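K.L.:
Here it is: the structure, laid out below.
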Amino acid sequence: MTKGSLRLASSRAVNGTVPPKRVPNAELRTREYLDEFEVERLMRAAKANRNGQRDATMILIAFRHGLRAAEIVDLRWDQVDLGRNACLHVRRVKKNGMPSVHPLQGDEMRALRTLKRESSFVFVSERGAPFSRAGFAKMVARAGDEAKFKFGVHPHMLRHACGYALTNRGHDTRALQAYLGHKNIQHTVRYTELSPLRFKDFWRA
């Protein structure tokens, strides 16, 4: 091939394999969290599915412990202690995330005990394989549709719902930071900014 036959591609050439630019979440949804009543509504919708007990339990555990999608699908039975002092040993997937030990509530214990221990993973597919992040996302989105939400629901909204709910219960920011495994407290402060408690006494004399 001669030099004359070589030609540089134009910088304005469009590569058909490049995916379209992702639309910012703010343009897709009016908010990025659910409140506690909406989480319960989502769980009821999920429970109506063929694998309803598993799906509703995934939503409950992800919400209660502020788990990311990667953390809930990777949850293993050796992280779950259903003994006298029932607790969940939370491993964070983020490089700087802080692990912690969370107490398990009665409804969580009952839900977890109904699941079959057919794998080292707590949540598995019908084929016995570990649940995937994509599978969890599809399940949550489908439950949101079935629950008649007017906005799209995705798994990370459950983590935000956890932070929002605990802030509204009056927990201090440092404790919430440890519970959610945030290395940087600035990531935790956003929940304080969302809380209506900030403005509770504004109109009192």
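Naming works like this for the structure tokens: A, B, ... for the chains as they're shown, residue 1 at the start of each chain, ligands 1 onward in shown order.
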For Met139 in chain A, find every residue with an atom within 10 Å (counting only C-alpha atoms), except residues of its own chain fewer than 2 positions away, and show them as an MDAnalysis selection string.

P.N.:
chainID A and resid 46 49 55:56 58:59 133:137 141:145 153:155

K.L.:
Could you write those residues out with C-alpha atoms, as a tab-separated table (two decimals), in the first residue's frame?

P.N.:
chain	number	residue	atom	x	y	z
A	46	ALA	CA	-42.59	-7.71	44.33
A	49	ASN	CA	-44.23	-12.28	41.63
A	55	ASP	CA	-37.71	-10.61	45.63
A	56	ALA	CA	-39.42	-8.86	48.54
A	58	MET	CA	-33.98	-8.58	48.56
A	59	ILE	CA	-35.73	-5.21	48.57
A	133	ARG	CA	-26.97	-6.87	39.23
A	134	ALA	CA	-28.88	-6.59	35.96
A	135	GLY	CA	-31.40	-9.15	37.17
A	136	PHE	CA	-31.93	-7.25	40.41
A	137	ALA	CA	-32.34	-3.98	38.51
A	141	ALA	CA	-38.01	-1.78	37.87
A	142	ARG	CA	-40.74	-4.34	37.20
A	143	ALA	CA	-41.99	-4.09	40.79
A	144	GLY	CA	-42.04	-0.31	40.43
A	145	ASP	CA	-44.22	-0.61	37.34
A	153	VAL	CA	-37.43	2.88	40.12
A	154	HIS	CA	-33.87	1.55	40.27
A	155	PRO	CA	-31.91	-0.34	42.99

K.L.:
Residues near Asn85 in chain A, anyone? I mean within 12 Å using only C-alpha atoms, not counting same-chain ones fewer than 2 positions away, as a PyMOL selection string.

P.N.:
chain A and resi 80-83+87-88+101-106+109

K.L.:
Got a sec: who's within 10 Å of Val90 in chain A, counting only C-alpha atoms, leaving out chain neighbours fewer than 6 positions off, as a list in words?

P.N.:
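Contacts, in chain order: His65, Gly66, Leu67, Glu71, Ile72, Leu75, Gln79, Val80, Met98, Pro99, Ser100, Val101, His102, Tyr179, Leu180 and Gly181 of chain A.
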
K.L.:
Using DSSP on the backbone coordinates, identify all residues within range 28-107 of chain A classified as strand (DSSP E); present the result as a count of residues only.

P.N.:
10

K.L.:
What is the CA of Thr114 in chain A-CA of Thr57 in chain A distance in Å, reported with one decimal?

P.N.:
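Those two atoms sit 9.6 Å apart.
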
K.L.:
Of the residues A:Ser125, A:Arg92, A:Leu158, A:Ala86, which is the one nearest to Lys183 in chain A, using only C-alpha atoms?

P.N.:
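Result for the nearest residue to Lys183 in chain A: A:Arg92.
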
K.L.:
So what do you get for CA of Ala45 in chain A versus CA of Ala147 in chain A, distance-wise?

P.N.:
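It comes out at 5.4 Å.
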
K.L.:
Out of A:Gly97, A:Gly170, A:Gly163, A:Gly152, which residue has the shortest atom-to-atom distance to Phe63 in chain A when counting only C-alpha atoms?

P.N.:
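For Phe63 in chain A, the nearest of the given residues is A:Gly163.
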
K.L.:
Might you pull out every residue within 10 Å of Leu34 in chain A, with only C-alpha atoms counted and same-chain residues fewer than 2 positions away left off, and present them as a count of residues only?

P.N.:
19

K.L.:
May I ask for the distance between CA of Glu108 in chain A and CA of Ser120 in chain A, given in Å to one decimal place?

P.N.:
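Answer for the CA of Glu108 in chain A to CA of Ser120 in chain A separation: 18.4 Å.
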
K.L.:
Measuring between only C-alpha atoms, which one of A:Asp172, A:Ser119, A:Arg190, A:Met43 shows the shortest distance to Ala62 in chain A?

P.N.:
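Between A:Asp172, A:Ser119, A:Arg190, A:Met43, the residue approaching Ala62 in chain A most closely is A:Met43.
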
K.L.:
Which one of A:Lys47, A:Asp35, A:Glu126, A:Val189 sits closest to Val140 in chain A if you count only C-alpha atoms?

P.N.:
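The answer is A:Lys47, which sits nearest to Val140 in chain A.
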
K.L.:
Skip Phe123 in chain A itself and residues of its chain fewer than 5 positions away, then list as a VMD selection string all residues within 7 Å of it, counting only C-alpha atoms.

P.N.:
chain A and resid 73 130 to 131

K.L.:
With C-alpha atoms kept, could you save the residues just selected as a PDB file, in the first residue's frame?

P.N.:
ATOM      1  CA  VAL A  73     -26.383  -9.758  44.929  1.00  0.00           C
ATOM      2  CA  PRO A 130     -25.997 -16.018  42.020  1.00  0.00           C
ATOM      3  CA  PHE A 131     -28.412 -13.202  41.274  1.00  0.00           C
TER       4      PHE A 131
END

K.L.:
From the options A:Asn51, A:Tyr33, A:Ala69, A:Arg41, which residue's atoms come nearest to Glu146 in chain A, counting only C-alpha atoms?

P.N.:
A:Arg41

K.L.:
DSSP on the backbone: which residues in range 106-164 of chain A end up as alpha helix (DSSP H)? Give the answer as a PDB file with N, CA and C atoms, in the first residue's frame.

P.N.:
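Written out: states-v2.pdb:
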ATOM      1  N   GLY A 106     -36.661  -8.313  63.464  1.00  0.00           N
ATOM      2  CA  GLY A 106     -37.461  -9.533  63.427  1.00  0.00           C
ATOM      3  C   GLY A 106     -38.019  -9.874  62.064  1.00  0.00           C
ATOM      4  N   ASP A 107     -38.541  -8.886  61.330  1.00  0.00           N
ATOM      5  CA  ASP A 107     -39.110  -9.169  60.013  1.00  0.00           C
ATOM      6  C   ASP A 107     -38.041  -9.616  59.026  1.00  0.00           C
ATOM      7  N   GLU A 108     -36.827  -9.081  59.181  1.00  0.00           N
ATOM      8  CA  GLU A 108     -35.731  -9.504  58.313  1.00  0.00           C
ATOM      9  C   GLU A 108     -35.344 -10.949  58.599  1.00  0.00           C
ATOM     10  N   MET A 109     -35.258 -11.286  59.884  1.00  0.00           N
ATOM     11  CA  MET A 109     -34.898 -12.654  60.273  1.00  0.00           C
ATOM     12  C   MET A 109     -35.910 -13.656  59.744  1.00  0.00           C
ATOM     13  N   ARG A 110     -37.202 -13.339  59.904  1.00  0.00           N
ATOM     14  CA  ARG A 110     -38.245 -14.244  59.423  1.00  0.00           C
ATOM     15  C   ARG A 110     -38.170 -14.400  57.909  1.00  0.00           C
ATOM     16  N   ALA A 111     -37.936 -13.296  57.200  1.00  0.00           N
ATOM     17  CA  ALA A 111     -37.857 -13.352  55.737  1.00  0.00           C
ATOM     18  C   ALA A 111     -36.662 -14.184  55.285  1.00  0.00           C
ATOM     19  N   LEU A 112     -35.526 -14.000  55.921  1.00  0.00           N
ATOM     20  CA  LEU A 112     -34.319 -14.732  55.535  1.00  0.00           C
ATOM     21  C   LEU A 112     -34.448 -16.226  55.824  1.00  0.00           C
ATOM     22  N   ARG A 113     -35.126 -16.569  56.916  1.00  0.00           N
ATOM     23  CA  ARG A 113     -35.276 -17.984  57.278  1.00  0.00           C
ATOM     24  C   ARG A 113     -36.130 -18.746  56.281  1.00  0.00           C
ATOM     25  N   ARG A 133     -26.566  -8.258  39.017  1.00  0.00           N
ATOM     26  CA  ARG A 133     -26.972  -6.866  39.230  1.00  0.00           C
ATOM     27  C   ARG A 133     -28.055  -6.471  38.231  1.00  0.00           C
ATOM     28  N   ALA A 134     -27.890  -6.914  36.988  1.00  0.00           N
ATOM     29  CA  ALA A 134     -28.883  -6.589  35.958  1.00  0.00           C
ATOM     30  C   ALA A 134     -30.231  -7.228  36.293  1.00  0.00           C
ATOM     31  N   GLY A 135     -30.179  -8.456  36.801  1.00  0.00           N
ATOM     32  CA  GLY A 135     -31.404  -9.149  37.172  1.00  0.00           C
ATOM     33  C   GLY A 135     -32.119  -8.446  38.315  1.00  0.00           C
ATOM     34  N   PHE A 136     -31.351  -7.980  39.282  1.00  0.00           N
ATOM     35  CA  PHE A 136     -31.933  -7.248  40.410  1.00  0.00           C
ATOM     36  C   PHE A 136     -32.548  -5.941  39.924  1.00  0.00           C
ATOM     37  N   ALA A 137     -31.840  -5.242  39.043  1.00  0.00           N
ATOM     38  CA  ALA A 137     -32.341  -3.976  38.515  1.00  0.00           C
ATOM     39  C   ALA A 137     -33.658  -4.185  37.756  1.00  0.00           C
ATOM     40  N   LYS A 138     -33.736  -5.242  36.968  1.00  0.00           N
ATOM     41  CA  LYS A 138     -34.960  -5.530  36.212  1.00  0.00           C
ATOM     42  C   LYS A 138     -36.106  -5.857  37.152  1.00  0.00           C
ATOM     43  N   MET A 139     -35.813  -6.635  38.205  1.00  0.00           N
ATOM     44  CA  MET A 139     -36.847  -7.002  39.167  1.00  0.00           C
ATOM     45  C   MET A 139     -37.396  -5.767  39.877  1.00  0.00           C
ATOM     46  N   VAL A 140     -36.500  -4.872  40.312  1.00  0.00           N
ATOM     47  CA  VAL A 140     -36.928  -3.656  41.015  1.00  0.00           C
ATOM     48  C   VAL A 140     -37.747  -2.762  40.073  1.00  0.00           C
ATOM     49  N   ALA A 141     -37.286  -2.607  38.845  1.00  0.00           N
ATOM     50  CA  ALA A 141     -38.006  -1.778  37.873  1.00  0.00           C
ATOM     51  C   ALA A 141     -39.393  -2.358  37.591  1.00  0.00           C
ATOM     52  N   ARG A 142     -39.459  -3.687  37.454  1.00  0.00           N
ATOM     53  CA  ARG A 142     -40.744  -4.339  37.198  1.00  0.00           C
ATOM     54  C   ARG A 142     -41.697  -4.164  38.378  1.00  0.00           C
ATOM     55  N   ALA A 143     -41.161  -4.288  39.596  1.00  0.00           N
ATOM     56  CA  ALA A 143     -41.990  -4.087  40.790  1.00  0.00           C
ATOM     57  C   ALA A 143     -42.485  -2.643  40.861  1.00  0.00           C
ATOM     58  N   GLY A 144     -41.631  -1.707  40.453  1.00  0.00           N
ATOM     59  CA  GLY A 144     -42.045  -0.305  40.427  1.00  0.00           C
ATOM     60  C   GLY A 144     -43.189  -0.066  39.465  1.00  0.00           C
ATOM     61  N   ASP A 145     -43.129  -0.720  38.316  1.00  0.00           N
ATOM     62  CA  ASP A 145     -44.218  -0.613  37.336  1.00  0.00           C
ATOM     63  C   ASP A 145     -45.505  -1.212  37.901  1.00  0.00           C
ATOM     64  N   GLU A 146     -45.363  -2.397  38.534  1.00  0.00           N
ATOM     65  CA  GLU A 146     -46.536  -3.073  39.089  1.00  0.00           C
ATOM     66  C   GLU A 146     -47.135  -2.300  40.261  1.00  0.00           C
ATOM     67  N   HIS A 156     -30.522   1.659  43.352  1.00  0.00           N
ATOM     68  CA  HIS A 156     -29.797   2.591  44.219  1.00  0.00           C
ATOM     69  C   HIS A 156     -30.750   3.503  44.979  1.00  0.00           C
ATOM     70  N   MET A 157     -31.996   3.584  44.540  1.00  0.00           N
ATOM     71  CA  MET A 157     -32.989   4.368  45.265  1.00  0.00           C
ATOM     72  C   MET A 157     -33.266   3.763  46.631  1.00  0.00           C
ATOM     73  N   LEU A 158     -33.024   2.457  46.787  1.00  0.00           N
ATOM     74  CA  LEU A 158     -33.220   1.802  48.079  1.00  0.00           C
ATOM     75  C   LEU A 158     -32.137   2.224  49.063  1.00  0.00           C
ATOM     76  N   ARG A 159     -30.914   2.371  48.582  1.00  0.00           N
ATOM     77  CA  ARG A 159     -29.830   2.860  49.439  1.00  0.00           C
ATOM     78  C   ARG A 159     -30.104   4.301  49.874  1.00  0.00           C
ATOM     79  N   HIS A 160     -30.540   5.130  48.923  1.00  0.00           N
ATOM     80  CA  HIS A 160     -30.896   6.497  49.263  1.00  0.00           C
ATOM     81  C   HIS A 160     -32.087   6.528  50.223  1.00  0.00           C
ATOM     82  N   ALA A 161     -33.027   5.608  50.033  1.00  0.00           N
ATOM     83  CA  ALA A 161     -34.193   5.536  50.923  1.00  0.00           C
ATOM     84  C   ALA A 161     -33.762   5.244  52.352  1.00  0.00           C
ATOM     85  N   CYS A 162     -32.761   4.393  52.503  1.00  0.00           N
ATOM     86  CA  CYS A 162     -32.228   4.063  53.825  1.00  0.00           C
ATOM     87  C   CYS A 162     -31.673   5.314  54.501  1.00  0.00           C
ATOM     88  N   GLY A 163     -30.811   6.045  53.794  1.00  0.00           N
ATOM     89  CA  GLY A 163     -30.219   7.251  54.352  1.00  0.00           C
ATOM     90  C   GLY A 163     -31.265   8.286  54.704  1.00  0.00           C
ATOM     91  N   TYR A 164     -32.247   8.432  53.832  1.00  0.00           N
ATOM     92  CA  TYR A 164     -33.321   9.406  54.041  1.00  0.00           C
ATOM     93  C   TYR A 164     -34.151   9.035  55.268  1.00  0.00           C
TER      94      TYR A 164
END

K.L.:
Considering only C-alpha atoms, can you say which of A:Leu115, A:Phe121, A:Lys148, A:Asn184 comes closest to Arg44 in chain A?

P.N.:
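Under the stated criterion, the closest residue is A:Lys148.
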